[in-house]
Amino acid sequence: MIRYDILICGIGGQGAITLGTALKLAAIRAGLSVVGAERRGGAQREGVVTSNVRYRGTVPGEAIDERAMTVSGLIPTAGADMLIAMEPLEALRHAQYLHEDSVVIVNDFPLIPVAVRNGDAVYPTTESIYARLREFTPGVHVFNLDELSRAHFNSLRQVNTISMGLAYGLGNLPVPREALLDTIREQFPDFPKNSRAFELGAELAGKGASRQ
Amino acid sequence: MNQLADNTPGKVILAMGNEAIVRGGLEAGLGYFSTYPGTPASEIGVEYMKLHAEFPHIHAEFSVNEHVAAHGAQGASWAGIRSMVTMKHVGMNVAAEVLHFAGYTGVKAGFLVVIGSDPGATSSTSEQDDRWYSLHTHLPLLEPASIQEAKDYTLRAFALSERYNLPVVLNAPGKLCHNIGSLALGSLPAHPAAKGKFERNPQRYINLFAGSVANHRRAVEAAAALGADAPTLGFNRVIPGTGKTGFISSSINFQYLMESLALLGVTDAPVLKLGLTFPLNADEIASFAKGLDRIIVVEDLEGFVEYQVKWLLYDKNVRLPILGKELFPAWGELDPDVIRDLLAPVLSRTQPARVTRTRELSAALTKDLPPRQGAFCIGCPHRATLYSIVKATDRKVIFAGDIGCYTLSCLPPFRAFDWVTCMNWWVGIAQGRRQKVEGEDLFSYVGDSTFFHSGIPGLINAVQQNANMVLVILDNKWVAMTGHQPSPTTEAAIDGTKMKPVDIKGLLKSIGVTYVRTINPFNIKASTAAIREALRTRTGVRVIIAEQECALQHGRRVTLNPKGFEEYTQIDPGRCQKCNECYIELGCPAIRRRDEGADFHYYIEETACLECGACRDLCPNGAIARTEIRSAKKAAAQ
């Protein structure tokens with residue numbers, strides 16, 4: 001049985017929902033079943049946003065067992081095979097979904113909550129956040145995606161496609177590279193730019209096209 | 001082409017629960033759709049609007065409120081057109097009067113009521129369980145568990161409604177409405193619904209005296225007939241097992257339950273999955289209970305299924321322990337973790353080792369994280385209005401806000417709310433308090449759409465009673481909070497198409513409001529002065545219209561029609577006194593802090609700022625200025 005669960009978290013407006021949708025569309029292209037609920041911010045911006053991506057499938061010849069295959073929209077505690085966090089504090093806030101083999105991809109670009117601005121709370125140092133995440137799993141990978149996107153593409157719009165490349169390169173996604181790239185072609189404007197962004201992510205993860 | 005219009009039966013698409021409901025309506029040959037937008041069900045209406053090109057025969061509208069929306073759908077059904085009305089759970093209270101008659105009169109064509117419910121109140125002010133309405137409306141109730149069932153049940157609901165001559169209710173919680181996954185399409189009907197025709201039928205439609213009683217009886221008997229057929233309708237089924245503890249569940253909790261049982265290593269539990277939770281069939285429940293030692297009912301909120309199961313088994317003289325709300329709370333939202341945690345001790349099972357390890361680590365390493373509360377979007381006119389309200393009143397008033405994006409002003413930095421209950425609380429409660437509480441200045445605010453939903457009668461009442469209050473109408477031209485549906489004041493669609501906005505000033509004048517001022521929220525100084533003047537005036541109803549389009553919608557239109565130049569607002573670090581007026585008091589997320597060693601300065605993130613100008617207007621040191629205007633072409637070349 002094929003099963004792989006990805007949790008994406010971030011802040012409203014960062015693209016967590018868009019990324020989740022792209023990862024799901026790629027699954028449908030690859031002939032898998034996919035499901036996953038979204039938690040959207042209470043208003044349009046600044047609130048915590050999550051997207052659950054839960055891949056399910058059977059290998060040829062495998063019988064469907066309803067008790068094992070029934071899958072809800074929510075990943076349970078310690079159930080995420082991959083966590084993609086668009087912000088460091090949100091990575092730690094969602095650490096309850098990690099297990100010892102989880103892969104974590106964190107965008108090293110803190111966004112300061114209102115409570116910290118007002119002096120009501122303290123934002124932990126990013127070093128401390130990453131050290132704590134590594135207590136859950138050794139597979140913590142930190143990249144400044146905003147800076148990467150800006151440096152390579154002079155825009156913040158490639159953060160999502162770089163993330164897709166990283167997810168492909170760092171995790172055991174049951175979705176092939178072609179399905180991900182075809183989804184990018186269909187879902188995002190400017191395919192040449194976004195496919196390069198995907199390749200940049202895959203390359204950073206040590207799984208670029210040239211190394212296949 | 002919109003993927004929901006694809007007529008390729010068997011094709012699998014990616015769809016949201018709400019979209020699956022839309023597709024079910026299309027496959028059923030829907031002809032009339034109405035709604036008042038409310039999270040989590042809002043996207044249903046948005047999709048029907050988008051589908052107008054492919055399905056021009058479907059009338060789809062955002063009605064002014066749920067009462068009006070439900071009446072519209074009922075009228076279409078009476079004329080022989082399959083109709084659907086959707087709303088969020090609390091909207092059912094507004095539509096309740098209509099829907100208590102809907103069972104009396106029955107339907108001519110299928111009539112489906114879709115409720116987006118919100119256990120956990122993640123986007124609502126209450127988590128009321130609308131399923132209980134069916135006990136007195138007698139309307140059959142469907143609870144799909146998956147995205148696929150959301151479509152399939154919607155499709156089948158229309159034939160069910162016609163067969164039993166009753167409107168049907170479909171209840172979908174937020175975690176199903178916003179669940180996104182695989183959906184296998186069915187086929188679309190070849191011929192769109194024809195124009196309908198209303199035929200007089202006094203016996204059914206005139207509910208007076210004995211006629212009303214006869215129709216009440218008809219509704220009760222129709223529901224009973226449906227209940228008698230329930231086991232054969234195909235909405236309920238048993239997952240067989242040899243265990244002695246049986247489970248009954250419905251909706252998404254069925255999926256949570258199955259996952260929880262698998263994680264706890266329970267592989268033999270019989271499960272009765274209910275898709276039709278009203279009316280239940282006593283024989284079907286008794287047959288499931290046969291040979292079991294106990295039954296556990298897994299459902300959200302107050303225990304609607306458990307209540308019915310208990311009295312039905314009592315009637316059948318079947319006695320066994322039934323655990324429901326003794327185990328699961330009647331408040332909050334169940335999820336896979338809550339269900340597994342509460343079931344583990346009852347079933348004498350231990351948690352998976354993974355869960356225990358992660359929980360121990362979480363307890364040690366993730367406590368005391370700063371909360372991240374919502375804030376107004378960058379460029380939002382409400383932020384500017386609230387800043388002016390707080391400055392002008394110094395918070396020395398009683399604040400009566402309302403439901404909309406601006407409800408966020410109960411959070412820091414504004415904290416300008418004194419109560420949060422139901423739609424249009426500003427006007428009613430405010431008047432009650434004002435009549436009976438001395439020495440309070442009442443300050444109300446309400447958004448344009450909420451005002452039109454049910455605020456006008458309250459304002460008329462306030463004028464007639466000569467209430468002493470200030471009301472600010474936050475007219476941002478859209479129902480923004482639920483995803484930008486048009487409001488009665490919408491002036492132009494995103495593509496620039498002109499709409500027919502309601503004239504608020506004309507309306508206020510006609511109901512007798514004599515004190516009306518209009519402000520542009522981004523002009524902070526002028527807005528603050530206008531609010532102060534209204535407060536000083538101290539007699540009668542004073543209305544200020546804060547008129548400025550939602551920044552996101554404005555931005556979308558500008559993106560489609562770009563200006564020939566770019567603007568940049570920046571903070572001059574030499575002039576900035578770090579007084580925190582912009583960074584904390586206004587709290588715009590585009591204004592950021594950069595630490596440089598022991599020192600720091602504030603700056604405006606150019607890629608985030610939308611140039612609303614509010615910070616520029618309020619800066620007491622003249623440190624914020626529009627400092628650069630470059631041609632777009634030149635900027636792109638750099």
# chains A, B, ... in the order shown; residues from 1 in each chain; ligands from 1
call {"tool": "select_by_dssp", "arguments": {"residues": "region 143-289 of chain B", "states": "alpha helix (DSSP H)", "output": "ChimeraX atom specification"}}
result
/B:147-164,174-177,202-205,209-229,251-263,282-289
call {"tool": "write_last_selection", "arguments": {"atoms": "C-alpha atoms", "output": "PDB file, in the first residue's frame"}}
result
ATOM      1  CA  ILE B 147     -15.558  14.486  -0.972  1.00  0.00           C
ATOM      2  CA  GLN B 148     -16.958  11.767  -3.225  1.00  0.00           C
ATOM      3  CA  GLU B 149     -19.999  11.306  -0.998  1.00  0.00           C
ATOM      4  CA  ALA B 150     -20.499  15.079  -0.918  1.00  0.00           C
ATOM      5  CA  LYS B 151     -21.088  14.950  -4.681  1.00  0.00           C
ATOM      6  CA  ASP B 152     -22.983  11.680  -4.748  1.00  0.00           C
ATOM      7  CA  TYR B 153     -25.325  12.610  -1.893  1.00  0.00           C
ATOM      8  CA  THR B 154     -26.007  16.026  -3.415  1.00  0.00           C
ATOM      9  CA  LEU B 155     -26.987  14.392  -6.697  1.00  0.00           C
ATOM     10  CA  ARG B 156     -29.216  11.821  -5.014  1.00  0.00           C
ATOM     11  CA  ALA B 157     -30.796  14.317  -2.625  1.00  0.00           C
ATOM     12  CA  PHE B 158     -32.967  15.798  -5.374  1.00  0.00           C
ATOM     13  CA  ALA B 159     -34.631  12.510  -6.302  1.00  0.00           C
ATOM     14  CA  LEU B 160     -35.048  11.752  -2.583  1.00  0.00           C
ATOM     15  CA  SER B 161     -36.699  15.141  -2.076  1.00  0.00           C
ATOM     16  CA  GLU B 162     -39.114  14.524  -4.951  1.00  0.00           C
ATOM     17  CA  ARG B 163     -39.909  10.935  -3.951  1.00  0.00           C
ATOM     18  CA  TYR B 164     -40.883  11.844  -0.388  1.00  0.00           C
ATOM     19  CA  GLY B 174     -15.819  22.830   7.602  1.00  0.00           C
ATOM     20  CA  LYS B 175     -13.281  20.028   7.476  1.00  0.00           C
ATOM     21  CA  LEU B 176     -15.307  18.461   4.651  1.00  0.00           C
ATOM     22  CA  CYS B 177     -16.160  21.744   2.886  1.00  0.00           C
ATOM     23  CA  PRO B 202     -54.401  25.914  -1.869  1.00  0.00           C
ATOM     24  CA  GLN B 203     -54.376  22.699   0.102  1.00  0.00           C
ATOM     25  CA  ARG B 204     -50.586  22.663   0.146  1.00  0.00           C
ATOM     26  CA  TYR B 205     -49.587  26.290  -0.078  1.00  0.00           C
ATOM     27  CA  PHE B 209     -55.893  26.986  10.692  1.00  0.00           C
ATOM     28  CA  ALA B 210     -56.915  23.376   9.961  1.00  0.00           C
ATOM     29  CA  GLY B 211     -55.054  23.492   6.641  1.00  0.00           C
ATOM     30  CA  SER B 212     -51.849  24.206   8.522  1.00  0.00           C
ATOM     31  CA  VAL B 213     -52.501  21.299  10.892  1.00  0.00           C
ATOM     32  CA  ALA B 214     -53.162  18.973   7.955  1.00  0.00           C
ATOM     33  CA  ASN B 215     -49.908  20.034   6.331  1.00  0.00           C
ATOM     34  CA  HIS B 216     -48.032  19.529   9.588  1.00  0.00           C
ATOM     35  CA  ARG B 217     -49.392  15.983   9.662  1.00  0.00           C
ATOM     36  CA  ARG B 218     -48.348  15.516   6.041  1.00  0.00           C
ATOM     37  CA  ALA B 219     -44.748  16.514   6.885  1.00  0.00           C
ATOM     38  CA  VAL B 220     -44.585  14.129   9.852  1.00  0.00           C
ATOM     39  CA  GLU B 221     -45.999  11.270   7.771  1.00  0.00           C
ATOM     40  CA  ALA B 222     -43.669  11.940   4.826  1.00  0.00           C
ATOM     41  CA  ALA B 223     -40.647  11.814   7.128  1.00  0.00           C
ATOM     42  CA  ALA B 224     -41.948   8.598   8.705  1.00  0.00           C
ATOM     43  CA  ALA B 225     -42.360   7.013   5.264  1.00  0.00           C
ATOM     44  CA  LEU B 226     -38.795   7.923   4.407  1.00  0.00           C
ATOM     45  CA  GLY B 227     -37.579   6.527   7.726  1.00  0.00           C
ATOM     46  CA  ALA B 228     -39.346   3.230   7.046  1.00  0.00           C
ATOM     47  CA  ASP B 229     -37.440   2.968   3.752  1.00  0.00           C
ATOM     48  CA  SER B 251     -19.872  12.548   8.506  1.00  0.00           C
ATOM     49  CA  ILE B 252     -16.096  13.025   8.647  1.00  0.00           C
ATOM     50  CA  ASN B 253     -16.013  11.467  12.093  1.00  0.00           C
ATOM     51  CA  PHE B 254     -16.498   8.111  10.357  1.00  0.00           C
ATOM     52  CA  GLN B 255     -13.103   8.597   8.681  1.00  0.00           C
ATOM     53  CA  TYR B 256     -11.460   9.765  11.897  1.00  0.00           C
ATOM     54  CA  LEU B 257     -12.909   6.724  13.659  1.00  0.00           C
ATOM     55  CA  MET B 258     -11.654   4.252  11.046  1.00  0.00           C
ATOM     56  CA  GLU B 259      -8.154   5.778  11.141  1.00  0.00           C
ATOM     57  CA  SER B 260      -8.170   5.761  14.938  1.00  0.00           C
ATOM     58  CA  LEU B 261      -9.212   2.102  15.118  1.00  0.00           C
ATOM     59  CA  ALA B 262      -6.456   1.180  12.646  1.00  0.00           C
ATOM     60  CA  LEU B 263      -3.827   3.098  14.649  1.00  0.00           C
ATOM     61  CA  ALA B 282     -35.397   1.520  14.470  1.00  0.00           C
ATOM     62  CA  ASP B 283     -35.114  -1.933  12.879  1.00  0.00           C
ATOM     63  CA  GLU B 284     -31.835  -1.034  11.172  1.00  0.00           C
ATOM     64  CA  ILE B 285     -30.328   0.156  14.471  1.00  0.00           C
ATOM     65  CA  ALA B 286     -31.695  -2.831  16.422  1.00  0.00           C
ATOM     66  CA  SER B 287     -30.332  -5.252  13.842  1.00  0.00           C
ATOM     67  CA  PHE B 288     -26.868  -3.684  14.171  1.00  0.00           C
ATOM     68  CA  ALA B 289     -27.089  -3.842  17.984  1.00  0.00           C
TER      69      ALA B 289
END
call {"tool": "interface_residues", "arguments": {"of": "chain A", "to": "chain B", "cutoff": "7 Å", "atoms": "only C-alpha atoms", "output": "count of residues only"}}
result
41
call {"tool": "residues_around", "arguments": {"residues": "Leu32 (chain A)", "least_positions_apart": "2", "cutoff": "8 Å", "atoms": "only C-alpha atoms", "output": "PyMOL selection string"}}
result
chain A and resi 27-30+34+55-57
call {"tool": "residues_around", "arguments": {"residues": "Gln187 (chain A)", "least_positions_apart": "3", "cutoff": "10 Å", "atoms": "only C-alpha atoms", "output": "list in words"}}
result
Thr18, Thr21, Ala22, Leu25, Leu181, Asp182, Thr183, Ile184, Asp190 and Phe191 of chain A
call {"tool": "write_last_selection", "arguments": {"atoms": "N, CA and C atoms", "output": "PDB file, in the first residue's frame"}}
result
ATOM      1  N   THR A  18      -1.581  27.104  -2.141  1.00  0.00           N
ATOM      2  CA  THR A  18      -1.220  26.893  -3.545  1.00  0.00           C
ATOM      3  C   THR A  18      -0.271  25.709  -3.683  1.00  0.00           C
ATOM      4  N   THR A  21      -2.145  22.481  -3.207  1.00  0.00           N
ATOM      5  CA  THR A  21      -2.946  22.158  -4.387  1.00  0.00           C
ATOM      6  C   THR A  21      -2.066  21.559  -5.486  1.00  0.00           C
ATOM      7  N   ALA A  22      -0.888  22.142  -5.699  1.00  0.00           N
ATOM      8  CA  ALA A  22       0.007  21.644  -6.745  1.00  0.00           C
ATOM      9  C   ALA A  22       0.453  20.216  -6.425  1.00  0.00           C
ATOM     10  N   LEU A  25      -2.481  17.920  -7.218  1.00  0.00           N
ATOM     11  CA  LEU A  25      -2.728  17.731  -8.648  1.00  0.00           C
ATOM     12  C   LEU A  25      -1.714  16.760  -9.242  1.00  0.00           C
ATOM     13  N   LEU A 181       6.433  18.331 -12.706  1.00  0.00           N
ATOM     14  CA  LEU A 181       6.734  19.351 -13.719  1.00  0.00           C
ATOM     15  C   LEU A 181       5.509  19.637 -14.591  1.00  0.00           C
ATOM     16  N   ASP A 182       4.752  18.590 -14.938  1.00  0.00           N
ATOM     17  CA  ASP A 182       3.538  18.817 -15.738  1.00  0.00           C
ATOM     18  C   ASP A 182       2.538  19.662 -14.960  1.00  0.00           C
ATOM     19  N   THR A 183       2.478  19.448 -13.653  1.00  0.00           N
ATOM     20  CA  THR A 183       1.573  20.251 -12.831  1.00  0.00           C
ATOM     21  C   THR A 183       2.020  21.706 -12.824  1.00  0.00           C
ATOM     22  N   ILE A 184       3.339  21.909 -12.727  1.00  0.00           N
ATOM     23  CA  ILE A 184       3.859  23.284 -12.749  1.00  0.00           C
ATOM     24  C   ILE A 184       3.505  23.945 -14.085  1.00  0.00           C
ATOM     25  N   ASP A 190       4.502  31.290 -16.574  1.00  0.00           N
ATOM     26  CA  ASP A 190       5.939  31.321 -16.857  1.00  0.00           C
ATOM     27  C   ASP A 190       6.613  29.983 -16.536  1.00  0.00           C
ATOM     28  N   PHE A 191       6.297  28.983 -17.345  1.00  0.00           N
ATOM     29  CA  PHE A 191       6.855  27.649 -17.083  1.00  0.00           C
ATOM     30  C   PHE A 191       8.386  27.624 -17.101  1.00  0.00           C
TER      31      PHE A 191
END
call {"tool": "select_by_dssp", "arguments": {"residues": "region 402-548 of chain B", "states": "strand (DSSP E)", "output": "ChimeraX atom specification"}}
result
/B:442-447,469-475,478-479,485-486,515-519,541-547
call {"tool": "residues_around", "arguments": {"residues": "Ile473 (chain B)", "least_positions_apart": "5", "cutoff": "10 Å", "atoms": "only C-alpha atoms", "output": "PyMOL selection string"}}
result
chain B and resi 444-451+504+518+543-547
call {"tool": "atom_distance", "arguments": {"atom1": "CA of Val397 (chain B)", "atom2": "CA of Glu549 (chain B)"}}
result
26.9 Å
call {"tool": "atom_distance", "arguments": {"atom1": "CA of Ile6 (chain A)", "atom2": "CA of Gly10 (chain B)"}}
result
26.8 Å
call {"tool": "decode", "arguments": {"residues": "region 174-292 of chain B", "atoms": "C-alpha atoms", "output": "CSV table (one decimal), in the first residue's frame"}}
result
chain,number,residue,atom,x,y,z
B,174,GLY,CA,-15.8,22.8,7.6
B,175,LYS,CA,-13.3,20.0,7.5
B,176,LEU,CA,-15.3,18.5,4.7
B,177,CYS,CA,-16.2,21.7,2.9
B,178,HIS,CA,-12.4,22.6,2.8
B,179,ASN,CA,-11.2,19.1,2.3
B,180,ILE,CA,-9.5,18.9,-1.1
B,181,GLY,CA,-8.9,15.6,-2.9
B,182,SER,CA,-9.8,13.2,-5.6
B,183,LEU,CA,-13.4,13.3,-7.0
B,184,ALA,CA,-14.7,10.9,-9.7
B,185,LEU,CA,-17.2,12.7,-12.0
B,186,GLY,CA,-20.6,11.4,-13.0
B,187,SER,CA,-22.4,12.5,-16.1
B,188,LEU,CA,-24.2,15.8,-16.7
B,189,PRO,CA,-27.8,15.7,-17.9
B,190,ALA,CA,-28.3,16.3,-21.6
B,191,HIS,CA,-31.1,18.8,-21.3
B,192,PRO,CA,-31.0,21.8,-19.0
B,193,ALA,CA,-34.0,22.4,-16.8
B,194,ALA,CA,-36.9,24.0,-18.6
B,195,LYS,CA,-38.7,27.1,-17.4
B,196,GLY,CA,-41.0,26.3,-14.5
B,197,LYS,CA,-44.6,26.9,-13.9
B,198,PHE,CA,-46.4,27.6,-10.7
B,199,GLU,CA,-49.7,25.8,-10.3
B,200,ARG,CA,-52.2,26.9,-7.6
B,201,ASN,CA,-52.6,24.3,-4.9
B,202,PRO,CA,-54.4,25.9,-1.9
B,203,GLN,CA,-54.4,22.7,0.1
B,204,ARG,CA,-50.6,22.7,0.1
B,205,TYR,CA,-49.6,26.3,-0.1
B,206,ILE,CA,-52.2,28.1,2.1
B,207,ASN,CA,-51.2,27.3,5.7
B,208,LEU,CA,-54.1,28.6,7.7
B,209,PHE,CA,-55.9,27.0,10.7
B,210,ALA,CA,-56.9,23.4,10.0
B,211,GLY,CA,-55.1,23.5,6.6
B,212,SER,CA,-51.8,24.2,8.5
B,213,VAL,CA,-52.5,21.3,10.9
B,214,ALA,CA,-53.2,19.0,8.0
B,215,ASN,CA,-49.9,20.0,6.3
B,216,HIS,CA,-48.0,19.5,9.6
B,217,ARG,CA,-49.4,16.0,9.7
B,218,ARG,CA,-48.3,15.5,6.0
B,219,ALA,CA,-44.7,16.5,6.9
B,220,VAL,CA,-44.6,14.1,9.9
B,221,GLU,CA,-46.0,11.3,7.8
B,222,ALA,CA,-43.7,11.9,4.8
B,223,ALA,CA,-40.6,11.8,7.1
B,224,ALA,CA,-41.9,8.6,8.7
B,225,ALA,CA,-42.4,7.0,5.3
B,226,LEU,CA,-38.8,7.9,4.4
B,227,GLY,CA,-37.6,6.5,7.7
B,228,ALA,CA,-39.3,3.2,7.0
B,229,ASP,CA,-37.4,3.0,3.8
B,230,ALA,CA,-34.1,4.1,5.2
B,231,PRO,CA,-32.3,0.7,5.1
B,232,THR,CA,-33.0,0.4,1.4
B,233,LEU,CA,-32.0,3.9,0.3
B,234,GLY,CA,-28.3,3.1,0.2
B,235,PHE,CA,-27.0,5.9,2.5
B,236,ASN,CA,-26.3,3.7,5.5
B,237,ARG,CA,-24.1,0.6,5.6
B,238,VAL,CA,-22.3,-1.7,8.0
B,239,ILE,CA,-18.6,-2.5,8.0
B,240,PRO,CA,-18.8,-6.0,9.5
B,241,GLY,CA,-16.7,-7.2,12.3
B,242,THR,CA,-16.7,-9.9,15.0
B,243,GLY,CA,-15.9,-7.5,17.9
B,244,LYS,CA,-18.4,-7.0,20.7
B,245,THR,CA,-18.1,-3.2,20.8
B,246,GLY,CA,-19.9,-1.7,17.8
B,247,PHE,CA,-19.5,1.8,16.6
B,248,ILE,CA,-22.0,4.2,15.0
B,249,SER,CA,-20.7,7.3,13.2
B,250,SER,CA,-21.5,9.7,10.5
B,251,SER,CA,-19.9,12.5,8.5
B,252,ILE,CA,-16.1,13.0,8.6
B,253,ASN,CA,-16.0,11.5,12.1
B,254,PHE,CA,-16.5,8.1,10.4
B,255,GLN,CA,-13.1,8.6,8.7
B,256,TYR,CA,-11.5,9.8,11.9
B,257,LEU,CA,-12.9,6.7,13.7
B,258,MET,CA,-11.7,4.3,11.0
B,259,GLU,CA,-8.2,5.8,11.1
B,260,SER,CA,-8.2,5.8,14.9
B,261,LEU,CA,-9.2,2.1,15.1
B,262,ALA,CA,-6.5,1.2,12.6
B,263,LEU,CA,-3.8,3.1,14.6
B,264,LEU,CA,-5.0,1.4,17.9
B,265,GLY,CA,-4.8,-2.0,16.2
B,266,VAL,CA,-8.5,-2.7,16.4
B,267,THR,CA,-9.4,-4.7,13.3
B,268,ASP,CA,-12.6,-6.5,14.2
B,269,ALA,CA,-15.0,-3.7,15.3
B,270,PRO,CA,-18.4,-3.6,13.5
B,271,VAL,CA,-19.2,-0.1,12.4
B,272,LEU,CA,-22.5,1.3,11.3
B,273,LYS,CA,-21.8,4.2,8.9
B,274,LEU,CA,-24.8,6.5,8.7
B,275,GLY,CA,-25.2,8.8,5.7
B,276,LEU,CA,-28.8,9.5,6.5
B,277,THR,CA,-29.0,10.6,10.1
B,278,PHE,CA,-32.6,11.7,10.1
B,279,PRO,CA,-35.0,9.9,10.1
B,280,LEU,CA,-33.3,6.8,11.5
B,281,ASN,CA,-34.9,3.4,11.2
B,282,ALA,CA,-35.4,1.5,14.5
B,283,ASP,CA,-35.1,-1.9,12.9
B,284,GLU,CA,-31.8,-1.0,11.2
B,285,ILE,CA,-30.3,0.2,14.5
B,286,ALA,CA,-31.7,-2.8,16.4
B,287,SER,CA,-30.3,-5.3,13.8
B,288,PHE,CA,-26.9,-3.7,14.2
B,289,ALA,CA,-27.1,-3.8,18.0
B,290,LYS,CA,-27.9,-7.6,18.0
B,291,GLY,CA,-25.1,-9.6,19.7
B,292,LEU,CA,-23.1,-6.5,20.7
